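Have a look at the structure below before the remarks.
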Amino acid sequence: MWAASGMLALFLVAIVVTAAMGGGHPASHIETIDPDTLSIQGEFAAPGVFPSADGGTITVVVRAEFFVFRPGVVRVPAGRRIRFRVTSPDVLHGFQIVGTNVNVTVAPGYISEVETTFAKPGTYLIVCNEYCGLGHHLMQGSVIVEEPR
């Protein structure tokens with residue numbers, strides 16, 4: 001009984017410490033955005049692929065909303081660093097690029113960011129891996145990785 005009481009106390013302390021340290025936020029760099037205006041103004045109003053001026057990292061801005069990723073098809077070159085910035089105006093979504101290590105939770109009001117490099121050309125499926133409603137099974141997109149020019 002003492003062991004069970006000790007474990008219960010330890011669990012309660014862990015919950016309090018996690019809550020005090022902001023453990024309720026999505027795992028990212030904790031950048032926030034107003035979900036009510038993201039389709040009207042700012043970078044998420046016109047999501048797409050944005051190469052850097054110096055030829056460095058390419059930024060891909062994605063809006064995940066009820067049963068669709070915008071843009072639905074993303075074209076990037078192989079061998080370049082790609083930064084995905086993803087947010088949602090409505091509910092919790094997932095952003096997973098199948099066959100890669102890209103897998104983030106997309107929460108309304110937060111910007112999730114992940115970087116990767118695609119070593120070889122091909123087509124990669126983007127899926128929502130968080131149940132988001134009746135059309136969840138239709139929510140998909142693709143990343144087309146092309147030979148560098």
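Labels used: A, B, ... for chains in the order of the structure tokens, numbers from 1 for residues in each chain, and numbers from 1 for ligands as shown.
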Write out as a CSV table (one decimal) with N, CA and C atoms, in the first residue's frame the residues lying within 9 Å of Gln96 of chain A, counting only C-alpha atoms and excluding same-chain residues fewer than 2 positions away.
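Result file follows (out-v9.csv):
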```csv
chain,number,residue,atom,x,y,z
A,94,GLY,N,-3.0,16.1,-38.4
A,94,GLY,CA,-1.7,15.6,-38.4
A,94,GLY,C,-1.1,15.9,-39.7
A,98,VAL,N,4.7,10.3,-45.6
A,98,VAL,CA,4.9,8.8,-45.6
A,98,VAL,C,6.3,8.5,-46.1
A,99,GLY,N,7.1,7.6,-45.4
A,99,GLY,CA,8.4,7.2,-45.8
A,99,GLY,C,9.5,8.1,-45.4
A,100,THR,N,9.2,9.2,-44.6
A,100,THR,CA,10.2,10.1,-44.1
A,100,THR,C,10.0,10.2,-42.6
A,101,ASN,N,10.9,11.1,-42.0
A,101,ASN,CA,10.8,11.4,-40.5
A,101,ASN,C,9.9,12.6,-40.2
A,102,VAL,N,9.2,13.1,-41.2
A,102,VAL,CA,8.3,14.3,-41.0
A,102,VAL,C,6.9,13.8,-40.5
A,103,ASN,N,6.6,14.2,-39.3
A,103,ASN,CA,5.4,13.8,-38.6
A,103,ASN,C,5.1,14.8,-37.5
A,104,VAL,N,4.2,15.8,-37.7
A,104,VAL,CA,3.9,16.8,-36.7
A,104,VAL,C,2.4,16.9,-36.4
A,105,THR,N,2.1,17.3,-35.3
A,105,THR,CA,0.7,17.6,-34.9
A,105,THR,C,0.4,19.1,-35.3
A,125,LEU,N,3.6,10.7,-50.2
A,125,LEU,CA,2.3,11.0,-49.8
A,125,LEU,C,2.2,11.7,-48.5
A,126,ILE,N,1.4,12.8,-48.4
A,126,ILE,CA,1.1,13.5,-47.2
A,126,ILE,C,-0.2,13.0,-46.7
A,127,VAL,N,-0.3,12.6,-45.4
A,127,VAL,CA,-1.5,12.2,-44.8
A,127,VAL,C,-1.8,12.9,-43.5
A,128,CYS,N,-3.1,13.0,-43.2
A,128,CYS,CA,-3.5,13.5,-41.9
A,128,CYS,C,-3.6,12.3,-41.0
A,129,ASN,N,-2.8,12.3,-39.9
A,129,ASN,CA,-2.8,11.1,-39.0
A,129,ASN,C,-3.4,11.4,-37.7
```
* To do: For segment 39-50 of chain A, work out the shell of residues within 10 Å, counting only C-alpha atoms and skipping chain neighbours fewer than 3 positions away, then give it as a VMD selection string.
  => chain A and resid 33 to 36 53 57 to 63 69 to 76 82 to 89
I need the chosen residues saved as a PDB file, in the first residue's frame, with C-alpha atoms.
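Written file, out-v2.pdb:
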```pdb
ATOM      1  CA  ILE A  33      -1.148  32.640 -34.944  1.00  0.00           C
ATOM      2  CA  ASP A  34      -4.773  33.801 -34.962  1.00  0.00           C
ATOM      3  CA  PRO A  35      -6.735  30.936 -36.594  1.00  0.00           C
ATOM      4  CA  ASP A  36      -9.622  33.285 -37.447  1.00  0.00           C
ATOM      5  CA  ALA A  53      16.954  34.395 -52.104  1.00  0.00           C
ATOM      6  CA  THR A  57      16.475  26.490 -47.280  1.00  0.00           C
ATOM      7  CA  ILE A  58      13.175  26.300 -49.152  1.00  0.00           C
ATOM      8  CA  THR A  59      10.118  27.148 -47.042  1.00  0.00           C
ATOM      9  CA  VAL A  60       6.858  25.318 -47.717  1.00  0.00           C
ATOM     10  CA  VAL A  61       3.833  26.967 -46.108  1.00  0.00           C
ATOM     11  CA  VAL A  62       0.872  24.589 -45.659  1.00  0.00           C
ATOM     12  CA  ARG A  63      -2.625  25.183 -44.335  1.00  0.00           C
ATOM     13  CA  PHE A  69      -4.026  20.375 -47.375  1.00  0.00           C
ATOM     14  CA  ARG A  70      -3.371  23.686 -49.147  1.00  0.00           C
ATOM     15  CA  PRO A  71      -1.456  23.401 -51.404  1.00  0.00           C
ATOM     16  CA  GLY A  72      -2.351  19.794 -52.188  1.00  0.00           C
ATOM     17  CA  VAL A  73       0.729  19.197 -54.314  1.00  0.00           C
ATOM     18  CA  VAL A  74       4.166  20.536 -53.372  1.00  0.00           C
ATOM     19  CA  ARG A  75       7.140  20.428 -55.757  1.00  0.00           C
ATOM     20  CA  VAL A  76      10.641  20.691 -54.271  1.00  0.00           C
ATOM     21  CA  ILE A  82      13.073  22.011 -46.846  1.00  0.00           C
ATOM     22  CA  ARG A  83      11.285  23.768 -43.961  1.00  0.00           C
ATOM     23  CA  PHE A  84       7.569  22.967 -43.595  1.00  0.00           C
ATOM     24  CA  ARG A  85       5.452  25.529 -41.715  1.00  0.00           C
ATOM     25  CA  VAL A  86       1.966  24.145 -41.059  1.00  0.00           C
ATOM     26  CA  THR A  87      -1.087  25.463 -39.231  1.00  0.00           C
ATOM     27  CA  SER A  88      -4.828  24.887 -39.060  1.00  0.00           C
ATOM     28  CA  PRO A  89      -7.834  27.225 -38.799  1.00  0.00           C
TER      29      PRO A  89
END
```
* **Spatial neighbours of Phe66 of chain A, max dist 9 Å, only C-alpha atoms, sep filter under 2 positions, as a PyMOL selection string** => chain A and resi 64+68-69+88-91+93+132-133+135-136+139
Output file for the residues above (N, CA and C atoms, as a CSV table (one decimal), in the first residue's frame):
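And here is the file that came out, part30.csv:
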```csv
chain,number,residue,atom,x,y,z
A,64,ALA,N,-3.6,23.3,-43.2
A,64,ALA,CA,-4.4,22.0,-43.0
A,64,ALA,C,-5.7,22.4,-42.5
A,68,VAL,N,-8.5,18.8,-46.3
A,68,VAL,CA,-7.6,19.2,-47.4
A,68,VAL,C,-6.3,19.8,-46.9
A,69,PHE,N,-5.3,19.6,-47.6
A,69,PHE,CA,-4.0,20.4,-47.4
A,69,PHE,C,-3.9,21.4,-48.5
A,88,SER,N,-3.4,25.3,-38.8
A,88,SER,CA,-4.8,24.9,-39.1
A,88,SER,C,-5.8,26.0,-38.5
A,89,PRO,N,-6.8,26.3,-39.3
A,89,PRO,CA,-7.8,27.2,-38.8
A,89,PRO,C,-9.0,26.6,-38.0
A,90,ASP,N,-9.1,25.2,-38.1
A,90,ASP,CA,-10.3,24.6,-37.5
A,90,ASP,C,-10.1,23.6,-36.4
A,91,VAL,N,-9.5,22.5,-36.6
A,91,VAL,CA,-9.4,21.4,-35.6
A,91,VAL,C,-8.0,20.9,-35.6
A,93,HIS,N,-5.1,18.5,-36.6
A,93,HIS,CA,-4.8,17.7,-37.7
A,93,HIS,C,-3.4,17.1,-37.5
A,132,CYS,N,-9.9,14.0,-37.8
A,132,CYS,CA,-10.3,15.4,-37.8
A,132,CYS,C,-11.8,15.5,-38.2
A,133,GLY,N,-12.5,14.4,-38.4
A,133,GLY,CA,-13.9,14.5,-38.8
A,133,GLY,C,-14.3,13.4,-39.8
A,135,GLY,N,-14.6,13.4,-43.0
A,135,GLY,CA,-13.8,13.3,-44.2
A,135,GLY,C,-12.4,13.1,-44.0
A,136,HIS,N,-12.0,12.7,-42.8
A,136,HIS,CA,-10.6,12.5,-42.5
A,136,HIS,C,-9.8,11.6,-43.5
A,139,MET,N,-8.3,13.2,-46.6
A,139,MET,CA,-7.3,14.3,-46.4
A,139,MET,C,-5.9,13.8,-46.7
```
* Asked: Tell me, which residues of segment 85-118 of chain A carry DSSP strand (DSSP E or B), written as a PyMOL selection string?
  -> chain A and resi 85-87+93-97+103-106+110-117
Let's have the selection written as a short mmCIF file (atom, residue, chain, number, x, y, z; two decimals), in the first residue's frame, with N, CA, C and O atoms.
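Result saved to selection.cif:
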```
data_model
loop_
_atom_site.label_atom_id
_atom_site.label_comp_id
_atom_site.auth_asym_id
_atom_site.auth_seq_id
_atom_site.Cartn_x
_atom_site.Cartn_y
_atom_site.Cartn_z
N ARG A 85 6.16 24.75 -42.73
CA ARG A 85 5.45 25.53 -41.72
C ARG A 85 3.97 25.24 -41.92
O ARG A 85 3.43 25.54 -42.98
N VAL A 86 3.33 24.65 -40.91
CA VAL A 86 1.97 24.15 -41.06
C VAL A 86 1.10 24.67 -39.92
O VAL A 86 1.53 24.69 -38.76
N THR A 87 -0.12 25.07 -40.26
CA THR A 87 -1.09 25.46 -39.23
C THR A 87 -2.48 25.07 -39.68
O THR A 87 -2.67 24.59 -40.80
N HIS A 93 -5.11 18.51 -36.58
CA HIS A 93 -4.78 17.68 -37.74
C HIS A 93 -3.40 17.09 -37.52
O HIS A 93 -2.65 17.52 -36.65
N GLY A 94 -3.04 16.15 -38.36
CA GLY A 94 -1.68 15.62 -38.40
C GLY A 94 -1.08 15.95 -39.75
O GLY A 94 -1.79 16.14 -40.73
N PHE A 95 0.24 16.02 -39.81
CA PHE A 95 0.95 16.26 -41.07
C PHE A 95 2.10 15.26 -41.11
O PHE A 95 3.11 15.44 -40.43
N GLN A 96 1.90 14.19 -41.86
CA GLN A 96 2.91 13.14 -41.96
C GLN A 96 3.23 12.92 -43.42
O GLN A 96 2.34 12.75 -44.25
N ILE A 97 4.54 12.93 -43.73
CA ILE A 97 4.99 12.60 -45.08
C ILE A 97 5.46 11.15 -45.00
O ILE A 97 6.46 10.85 -44.34
N ASN A 103 6.62 14.22 -39.26
CA ASN A 103 5.38 13.83 -38.61
C ASN A 103 5.13 14.82 -37.47
O ASN A 103 5.77 14.75 -36.44
N VAL A 104 4.20 15.77 -37.69
CA VAL A 104 3.92 16.77 -36.67
C VAL A 104 2.41 16.86 -36.43
O VAL A 104 1.61 16.55 -37.30
N THR A 105 2.06 17.31 -35.25
CA THR A 105 0.68 17.60 -34.91
C THR A 105 0.42 19.06 -35.26
O THR A 105 1.23 19.93 -34.96
N VAL A 106 -0.71 19.31 -35.89
CA VAL A 106 -1.08 20.67 -36.32
C VAL A 106 -2.28 21.11 -35.50
O VAL A 106 -3.38 20.57 -35.66
N TYR A 110 -1.48 27.51 -33.49
CA TYR A 110 -0.04 27.27 -33.39
C TYR A 110 0.53 26.95 -34.77
O TYR A 110 -0.15 26.38 -35.62
N ILE A 111 1.78 27.32 -34.96
CA ILE A 111 2.49 26.98 -36.19
C ILE A 111 3.46 25.86 -35.87
O ILE A 111 4.31 25.99 -35.00
N SER A 112 3.28 24.74 -36.55
CA SER A 112 4.20 23.61 -36.40
C SER A 112 5.25 23.73 -37.49
O SER A 112 4.93 24.00 -38.64
N GLU A 113 6.50 23.50 -37.12
CA GLU A 113 7.59 23.65 -38.08
C GLU A 113 8.50 22.44 -38.00
O GLU A 113 8.84 21.98 -36.91
N VAL A 114 8.90 21.93 -39.16
CA VAL A 114 9.81 20.79 -39.23
C VAL A 114 10.66 20.95 -40.48
O VAL A 114 10.21 21.49 -41.48
N GLU A 115 11.91 20.51 -40.40
CA GLU A 115 12.82 20.58 -41.54
C GLU A 115 13.29 19.18 -41.92
O GLU A 115 13.46 18.32 -41.06
N THR A 116 13.50 18.99 -43.22
CA THR A 116 14.00 17.72 -43.73
C THR A 116 14.69 17.96 -45.06
O THR A 116 14.58 19.03 -45.65
N THR A 117 15.40 16.95 -45.51
CA THR A 117 16.01 16.95 -46.84
C THR A 117 15.62 15.66 -47.52
O THR A 117 15.76 14.58 -46.95
#
```
* Tell me which of A:Leu38, A:Leu10, A:Leu134, A:Ala119 sits closest to Pro77 of chain A, counting only C-alpha atoms. => A:Ala119
* Asked: What does the distance between atom CA of Ala3 of chain A and atom CA of Val17 of chain A come to in Å, to one decimal place?
  -> 21.0 Å
* Could you work out how far atom CA of Pro51 of chain A lies from atom CA of Gly141 of chain A, giving the answer in Å with one decimal? -> 20.0 Å
* Name the closest residue to Arg149 of chain A among the candidates A:Ala78, A:Thr32, A:Tyr124, A:Phe118; distances are taken between atoms, counting only C-alpha atoms. =>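 For Arg149 of chain A, the nearest of the candidates is A:Ala78.
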* Asked: How far is it from atom CA of Leu92 of chain A to atom CA of Ala14 of chain A, in Å with one decimal?
  -> 25.3 Å
* Can you list, as a PyMOL selection string, all residues belonging to chain A that DSSP tags as helix (DSSP H, G or I)? => chain A and resi 2-20+43-45+136-138
